[in-house]
>>> print(open('query.tsv').read())   # TSV, C-alpha atoms
chain	number	residue	atom	x	y	z
A	14	MET	CA	-2.03	24.85	5.69
A	15	THR	CA	-2.56	21.86	3.39
A	16	LYS	CA	-6.08	21.53	2.02
A	17	LEU	CA	-7.29	17.98	1.39
A	18	ILE	CA	-10.14	16.12	-0.25
A	19	ILE	CA	-10.81	12.65	1.17
A	20	ASN	CA	-12.24	10.41	-1.55
A	21	GLY	CA	-13.91	7.35	-0.05
A	22	SER	CA	-14.98	9.22	3.08
A	23	LYS	CA	-17.68	6.72	4.13
A	24	GLY	CA	-15.33	3.75	4.27
A	25	ARG	CA	-13.32	2.58	7.26
A	26	MET	CA	-10.16	4.33	6.10
A	27	GLY	CA	-12.06	7.43	5.03
A	28	GLN	CA	-13.55	7.82	8.49
A	29	ALA	CA	-10.14	7.30	10.10
A	30	LEU	CA	-8.59	9.92	7.79
A	31	ILE	CA	-11.22	12.51	8.68
A	32	ALA	CA	-10.84	11.86	12.43
A	33	CYS	CA	-7.04	11.97	12.33
A	34	ALA	CA	-6.90	15.07	10.11
A	35	ALA	CA	-9.02	16.94	12.65
A	36	ARG	CA	-6.18	16.49	15.16
A	37	ILE	CA	-3.50	17.97	12.88
A	38	PRO	CA	-3.56	21.81	12.88
A	39	GLU	CA	-1.61	22.05	9.62
A	40	LEU	CA	-4.33	20.18	7.70
A	41	THR	CA	-7.87	21.03	6.70
A	42	VAL	CA	-10.35	18.77	4.93
A	43	VAL	CA	-12.19	20.86	2.36
A	44	GLY	CA	-14.11	17.92	0.94
A	45	ALA	CA	-15.18	14.49	2.21
A	46	ILE	CA	-16.76	12.66	-0.69
A	47	ASP	CA	-17.81	9.16	-1.64
A	48	GLN	CA	-19.58	7.25	-4.39
A	49	GLY	CA	-22.04	9.47	-6.21
A	50	ASP	CA	-20.47	12.75	-5.06
A	51	ASP	CA	-18.92	15.26	-7.45
A	52	LEU	CA	-15.14	15.31	-7.07
A	53	ALA	CA	-14.77	17.56	-10.13
A	54	GLY	CA	-16.85	20.26	-8.48
A	55	LEU	CA	-14.62	20.38	-5.40
A	56	ILE	CA	-11.16	19.62	-6.67
A	57	GLY	CA	-10.27	23.26	-7.33
A	58	GLN	CA	-10.41	23.96	-3.58
A	59	CYS	CA	-7.71	21.45	-2.52
A	60	ASP	CA	-3.95	21.00	-2.63
A	61	ALA	CA	-4.14	17.20	-2.68
A	62	VAL	CA	-6.60	14.34	-2.96
A	63	ILE	CA	-6.34	11.21	-0.82
A	64	ASP	CA	-8.05	8.31	-2.59
A	65	PHE	CA	-9.21	5.28	-0.59
A	66	THR	CA	-12.01	4.07	-2.84
A	67	PHE	CA	-11.87	1.09	-5.21
A	68	HIS	CA	-9.19	0.04	-7.69
A	69	SER	CA	-11.35	0.70	-10.76
A	70	VAL	CA	-11.97	4.30	-9.62
A	71	THR	CA	-8.32	5.31	-9.20
A	72	PRO	CA	-7.47	5.90	-12.90
A	73	SER	CA	-10.31	8.41	-13.32
A	74	VAL	CA	-9.35	10.18	-10.07
A	75	THR	CA	-5.74	10.37	-11.27
A	76	LYS	CA	-6.82	11.88	-14.60
A	77	LEU	CA	-8.93	14.51	-12.83
A	78	CYS	CA	-6.04	15.42	-10.53
A	79	ALA	CA	-3.72	15.71	-13.55
A	80	GLN	CA	-6.20	17.99	-15.34
A	81	HIS	CA	-6.29	20.33	-12.33
A	82	GLY	CA	-2.64	20.03	-11.29
A	83	LYS	CA	-3.43	18.51	-7.88
A	84	ALA	CA	-1.20	16.15	-5.92
A	85	LEU	CA	-2.55	12.67	-5.20
A	86	VAL	CA	-2.14	10.03	-2.49
A	87	ILE	CA	-3.32	6.59	-3.62
A	88	GLY	CA	-4.32	4.21	-0.85
A	89	THR	CA	-6.43	1.81	-2.89
A	90	THR	CA	-5.05	-1.66	-3.70
A	91	GLY	CA	-5.99	-4.48	-6.07
A	92	HIS	CA	-5.35	-2.55	-9.32
A	93	SER	CA	-5.23	-4.46	-12.59
A	94	GLU	CA	-2.25	-4.08	-14.89
A	95	SER	CA	-4.30	-1.79	-17.15
A	96	ASP	CA	-5.27	0.35	-14.12
A	97	LYS	CA	-1.60	0.64	-13.15
A	98	ALA	CA	-0.61	1.60	-16.69
A	99	GLU	CA	-3.20	4.39	-16.82
A	100	ILE	CA	-1.95	5.80	-13.52
A	101	ARG	CA	1.73	5.59	-14.47
A	102	ASN	CA	1.05	7.39	-17.75
A	103	LEU	CA	0.26	10.55	-15.75
A	104	LYS	CA	3.38	10.55	-13.54
A	105	SER	CA	4.99	13.34	-15.55
A	106	GLN	CA	2.08	15.69	-14.81
A	107	ILE	CA	1.54	15.56	-11.03
A	108	PRO	CA	3.29	14.25	-7.91
A	109	MET	CA	1.73	11.08	-6.50
A	110	VAL	CA	2.42	8.94	-3.46
A	111	TRP	CA	1.36	5.40	-4.30
A	112	ALA	CA	1.93	2.90	-1.52
A	113	SER	CA	0.41	-0.44	-0.57
A	114	ASN	CA	0.62	0.55	3.09
A	115	TYR	CA	1.04	3.93	4.80
A	116	SER	CA	2.05	2.68	8.24
A	117	THR	CA	5.50	3.77	9.43
A	118	GLY	CA	5.93	0.35	11.02
A	119	VAL	CA	5.04	-1.53	7.84
A	120	ASN	CA	7.45	0.56	5.81
A	121	THR	CA	10.12	-0.32	8.33
A	122	LEU	CA	9.11	-3.96	7.74
A	123	PHE	CA	9.66	-3.44	4.00
A	124	TRP	CA	13.16	-2.10	4.71
A	125	LEU	CA	13.99	-4.91	7.14
A	126	THR	CA	12.68	-7.56	4.74
A	127	ARG	CA	15.03	-6.42	1.99
A	128	LYS	CA	18.00	-6.31	4.36
A	129	ALA	CA	17.21	-9.72	5.86
A	130	ALA	CA	16.81	-11.31	2.41
A	131	GLU	CA	20.15	-9.86	1.34
A	132	ILE	CA	21.98	-10.94	4.50
A	133	LEU	CA	20.47	-14.43	4.90
A	134	GLY	CA	20.88	-15.34	1.23
A	135	PRO	CA	19.47	-18.18	-0.87
A	136	GLY	CA	19.86	-20.83	1.85
A	137	PHE	CA	16.63	-19.66	3.50
A	138	ASP	CA	13.15	-20.55	2.21
A	139	LEU	CA	10.77	-17.60	1.91
A	140	GLU	CA	7.12	-17.55	3.00
A	141	VAL	CA	4.71	-14.64	3.56
A	142	LEU	CA	1.61	-14.89	5.76
A	143	GLU	CA	-1.07	-12.21	5.94
A	144	MET	CA	-4.39	-11.92	7.79
A	145	HIS	CA	-7.14	-9.34	7.41
A	146	HIS	CA	-10.77	-8.79	8.41
A	147	ARG	CA	-13.49	-10.86	6.79
A	148	LEU	CA	-14.74	-7.96	4.63
A	149	LYS	CA	-11.50	-7.39	2.70
A	150	LYS	CA	-12.14	-7.94	-1.01
A	151	ASP	CA	-8.67	-8.49	-2.51
A	152	ALA	CA	-6.06	-11.16	-1.78
A	153	PRO	CA	-3.20	-11.22	-1.22
A	154	SER	CA	-3.16	-7.80	0.41
A	155	GLY	CA	-1.33	-4.93	-1.21
A	156	THR	CA	1.17	-4.98	1.64
A	157	ALA	CA	1.85	-8.69	1.16
A	158	THR	CA	2.27	-8.09	-2.57
A	159	THR	CA	4.90	-5.43	-1.84
A	160	LEU	CA	6.73	-7.85	0.48
A	161	LEU	CA	6.69	-10.48	-2.28
A	162	GLU	CA	8.01	-7.97	-4.81
A	163	ILE	CA	10.87	-7.11	-2.44
A	164	LEU	CA	11.74	-10.79	-1.96
A	165	GLY	CA	11.49	-11.49	-5.68
A	166	ASP	CA	13.74	-8.53	-6.45
A	167	VAL	CA	16.42	-9.65	-4.01
A	168	ARG	CA	16.27	-13.26	-5.22
A	169	LYS	CA	16.04	-12.13	-8.86
A	170	VAL	CA	13.11	-14.43	-9.67
A	171	GLN	CA	9.94	-13.87	-11.70
A	172	LEU	CA	7.08	-13.86	-9.22
A	173	GLU	CA	4.49	-15.05	-11.72
A	174	GLU	CA	6.56	-18.22	-12.10
A	175	GLN	CA	7.69	-18.76	-8.50
A	176	LEU	CA	4.75	-17.72	-6.31
A	177	ARG	CA	2.84	-20.49	-4.48
A	178	HIS	CA	-0.58	-19.37	-3.27
A	179	GLY	CA	-1.08	-21.86	-0.46
A	180	ARG	CA	-0.58	-25.54	-1.12
A	181	LYS	CA	-2.99	-28.41	-1.65
A	182	GLY	CA	-2.57	-32.02	-2.66
A	183	ILE	CA	0.60	-33.75	-3.74
A	184	VAL	CA	2.59	-30.69	-4.71
A	185	GLY	CA	6.02	-32.28	-4.32
A	186	GLU	CA	8.96	-30.99	-2.35
A	187	ARG	CA	9.46	-27.28	-1.98
A	188	THR	CA	11.77	-25.86	-4.64
A	189	ASN	CA	14.66	-23.56	-3.77
A	190	SER	CA	13.27	-20.66	-5.78
A	191	GLU	CA	9.57	-20.65	-4.86
A	192	ILE	CA	8.07	-18.05	-2.54
A	193	GLY	CA	4.95	-18.97	-0.58
A	194	ILE	CA	2.03	-16.61	0.09
A	195	HIS	CA	-0.85	-17.43	2.41
A	196	ALA	CA	-3.90	-15.18	2.91
A	197	ILE	CA	-6.18	-15.59	5.93
A	198	ARG	CA	-9.49	-13.79	6.34
A	199	GLY	CA	-11.60	-13.53	9.48
A	200	GLY	CA	-13.08	-11.34	12.17
A	201	ASP	CA	-12.06	-7.71	12.43
A	202	VAL	CA	-8.28	-8.02	12.00
A	203	VAL	CA	-6.92	-4.69	10.75
A	204	GLY	CA	-3.81	-6.24	9.21
A	205	ASP	CA	-1.12	-8.76	10.22
A	206	HIS	CA	1.92	-9.57	8.06
A	207	THR	CA	4.75	-12.01	8.70
A	208	VAL	CA	7.75	-12.77	6.53
A	209	ILE	CA	9.36	-16.13	7.32
A	210	PHE	CA	12.96	-17.01	6.46
A	211	ALA	CA	13.38	-20.74	7.16
A	212	ALA	CA	16.57	-22.78	6.93
A	213	ASN	CA	17.80	-26.06	8.38
A	214	GLY	CA	18.27	-25.48	12.09
A	215	GLU	CA	16.96	-21.93	12.36
A	216	ARG	CA	14.15	-19.60	11.36
A	217	VAL	CA	13.84	-15.81	11.27
A	218	GLU	CA	10.40	-14.17	11.35
A	219	LEU	CA	9.62	-10.49	10.81
A	220	THR	CA	6.10	-9.52	11.91
A	221	HIS	CA	3.99	-6.39	11.91
A	222	LYS	CA	0.52	-6.28	13.48
A	223	ALA	CA	-1.79	-3.31	13.14
A	224	SER	CA	-4.48	-2.78	15.77
A	225	SER	CA	-5.82	0.58	14.58
A	226	ARG	CA	-6.51	2.14	11.19
A	227	ASP	CA	-5.24	5.40	12.62
A	228	THR	CA	-1.73	4.08	11.93
A	229	PHE	CA	-2.45	4.02	8.19
A	230	ALA	CA	-4.47	7.24	8.25
A	231	ASN	CA	-1.72	9.26	9.94
A	232	GLY	CA	0.81	7.93	7.43
A	233	ALA	CA	-1.39	8.86	4.46
A	234	LEU	CA	-1.91	12.35	5.90
A	235	ARG	CA	1.83	12.72	6.36
A	236	ALA	CA	2.28	11.64	2.74
A	237	ALA	CA	-0.25	14.24	1.58
A	238	GLN	CA	1.59	17.04	3.37
A	239	TRP	CA	4.89	15.88	1.87
A	240	VAL	CA	3.79	15.28	-1.72
A	241	VAL	CA	2.34	18.76	-2.25
A	242	GLY	CA	5.85	20.18	-2.42
A	243	GLN	CA	7.33	17.54	-4.74
A	244	LYS	CA	8.04	17.47	-8.46
A	245	PRO	CA	5.79	15.35	-10.71
A	246	GLY	CA	6.45	11.63	-10.37
A	247	ILE	CA	5.45	8.52	-8.47
A	248	TYR	CA	6.72	8.22	-4.91
A	249	ASP	CA	6.12	5.76	-2.08
A	250	MET	CA	6.31	5.88	1.71
A	251	GLN	CA	9.99	5.02	1.63
A	252	ASP	CA	10.45	8.41	-0.06
A	253	VAL	CA	8.17	10.17	2.42
A	254	LEU	CA	10.02	8.68	5.41
A	255	GLY	CA	13.47	9.24	3.93
A	256	LEU	CA	14.33	5.52	3.94
A	257	LYS	CA	15.77	5.51	0.43
>>> encode(input="query.tsv", output="structure tokens")
Amino acid sequence: MTKLIINGSKGRMGQALIACAARIPELTVVGAIDQGDDLAGLIGQCDAVIDFTFHSVTPSVTKLCAQHGKALVIGTTGHSESDKAEIRNLKSQIPMVWASNYSTGVNTLFWLTRKAAEILGPGFDLEVLEMHHRLKKDAPSGTATTLLEILGDVRKVQLEEQLRHGRKGIVGERTNSEIGIHAIRGGDVVGDHTVIFAANGERVELTHKASSRDTFANGALRAAQWVVGQKPGIYDMQDVLGLK
């Protein structure tokens, strides 16, 4: 039996995690907490913490988990570089799964995107399109950012130099090395991501569309069960799913 604390329990993902965990006999939620609750007072009861709160909260949650030797699953996105550095500094103390998306389908998209970029080569222009609900606070999404990082790694380009966040005005012809990213917000869309490979005469598109947050919740719960038995370090869903 894996004992979990859900941090961010009042949010959309928190509610989905609690509902999905109730359907998995091997899991028990010993704490469902949110802003203003005392994580420190409960953390001794769990095997792992799943954090779906806000990017500025994650470093302090990671420190608390490290102090108590508890595994951590990080589902929050939008971290600053200083946030990321604080989290990475604790990787030698506890095992963490840190992924931009916990869906099995999306992680398959990550794998396919790398393979397609390698096979199609530099003759194809790269564009990423993502759409989320109107309440999402960060852009581009964490999933889109991971897709961009994969494309940048395959093409061996510096993203900060080659990313194009939409286009407006007389921007000139598209360069061979740029990678486009377009973020759309509206309605109640859970999460749509498309990677476009466009060349003269043909186009390849890889698309994932999520219609339920249960997809992400079940993946995060699977990650929590897996990470409890791992050595200290930072892992992602590719590790959890055995795709590496």
>>> closest_residue(input="query.tsv", among="A:Ile247, A:Leu133, A:Ala196, A:Met26", to="Ala212 (chain A)", atoms="all atoms listed in the file")
A:Leu133
>>> atom_distance(input="query.tsv", atom1="CA of Ile19 (chain A)", atom2="CA of Ile63 (chain A)")
5.1 Å
>>> closest_residue(input="query.tsv", among="A:Thr15, A:Thr89, A:Gln58, A:Asn231", to="Cys33 (chain A)", atoms="all atoms listed in the file")
A:Asn231
>>> residues_around(input="query.tsv", residues="region 179-187 of chain A", least_positions_apart="6", cutoff="9 Å", atoms="all atoms listed in the file", output="MDAnalysis selection string")
chainID A and resid 138 193:196
>>> residues_around(input="query.tsv", residues="Ser69 (chain A)", least_positions_apart="3", cutoff="9 Å", atoms="all atoms listed in the file", output="tab-separated table (two decimals) with C-alpha atoms, in the frame of the given file")
chain	number	residue	atom	x	y	z
A	66	THR	CA	-12.01	4.07	-2.84
A	72	PRO	CA	-7.47	5.90	-12.90
A	73	SER	CA	-10.31	8.41	-13.32
A	91	GLY	CA	-5.99	-4.48	-6.07
A	92	HIS	CA	-5.35	-2.55	-9.32
A	93	SER	CA	-5.23	-4.46	-12.59
A	96	ASP	CA	-5.27	0.35	-14.12
>>> closest_residue(input="query.tsv", among="A:Asp60, A:Ser116, A:Phe67, A:Ile18", to="Gln251 (chain A)", atoms="all atoms listed in the file")
A:Ser116
>>> atom_distance(input="query.tsv", atom1="CA of Val70 (chain A)", atom2="CA of Thr121 (chain A)")
28.8 Å
>>> build_atoms(input="query.tsv", residues="region 203-221 of chain A", atoms="N, CA and C atoms", output="CSV table (one decimal), keeping the file's coordinate frame")
chain,number,residue,atom,x,y,z
A,203,VAL,N,-7.3,-5.9,11.6
A,203,VAL,CA,-6.9,-4.7,10.8
A,203,VAL,C,-5.9,-5.1,9.7
A,204,GLY,N,-4.8,-5.8,10.2
A,204,GLY,CA,-3.8,-6.2,9.2
A,204,GLY,C,-2.6,-6.8,9.9
A,205,ASP,N,-2.3,-8.1,9.7
A,205,ASP,CA,-1.1,-8.8,10.2
A,205,ASP,C,-0.3,-9.3,9.1
A,206,HIS,N,1.0,-9.1,9.1
A,206,HIS,CA,1.9,-9.6,8.1
A,206,HIS,C,3.2,-10.2,8.7
A,207,THR,N,3.5,-11.4,8.2
A,207,THR,CA,4.8,-12.0,8.7
A,207,THR,C,5.5,-12.5,7.5
A,208,VAL,N,6.8,-12.2,7.5
A,208,VAL,CA,7.8,-12.8,6.5
A,208,VAL,C,8.6,-13.8,7.2
A,209,ILE,N,8.6,-15.0,6.7
A,209,ILE,CA,9.4,-16.1,7.3
A,209,ILE,C,10.6,-16.5,6.5
A,210,PHE,N,11.7,-16.5,7.1
A,210,PHE,CA,13.0,-17.0,6.5
A,210,PHE,C,13.3,-18.3,7.2
A,211,ALA,N,13.2,-19.5,6.5
A,211,ALA,CA,13.4,-20.7,7.2
A,211,ALA,C,14.5,-21.5,6.5
A,212,ALA,N,15.4,-22.0,7.4
A,212,ALA,CA,16.6,-22.8,6.9
A,212,ALA,C,16.7,-24.0,7.8
A,213,ASN,N,17.6,-24.9,7.5
A,213,ASN,CA,17.8,-26.1,8.4
A,213,ASN,C,18.4,-25.6,9.7
A,214,GLY,N,17.7,-25.8,10.8
A,214,GLY,CA,18.3,-25.5,12.1
A,214,GLY,C,17.9,-24.1,12.6
A,215,GLU,N,17.3,-23.2,11.8
A,215,GLU,CA,17.0,-21.9,12.4
A,215,GLU,C,15.9,-21.3,11.5
A,216,ARG,N,15.2,-20.3,12.1
A,216,ARG,CA,14.2,-19.6,11.4
A,216,ARG,C,14.1,-18.2,11.9
A,217,VAL,N,14.0,-17.2,10.9
A,217,VAL,CA,13.8,-15.8,11.3
A,217,VAL,C,12.5,-15.4,10.8
A,218,GLU,N,11.7,-14.7,11.7
A,218,GLU,CA,10.4,-14.2,11.4
A,218,GLU,C,10.3,-12.7,11.6
A,219,LEU,N,9.9,-11.9,10.7
A,219,LEU,CA,9.6,-10.5,10.8
A,219,LEU,C,8.1,-10.3,10.8
A,220,THR,N,7.6,-9.7,11.8
A,220,THR,CA,6.1,-9.5,11.9
A,220,THR,C,5.7,-8.1,12.2
A,221,HIS,N,4.6,-7.6,11.6
A,221,HIS,CA,4.0,-6.4,11.9
A,221,HIS,C,2.5,-6.7,12.1
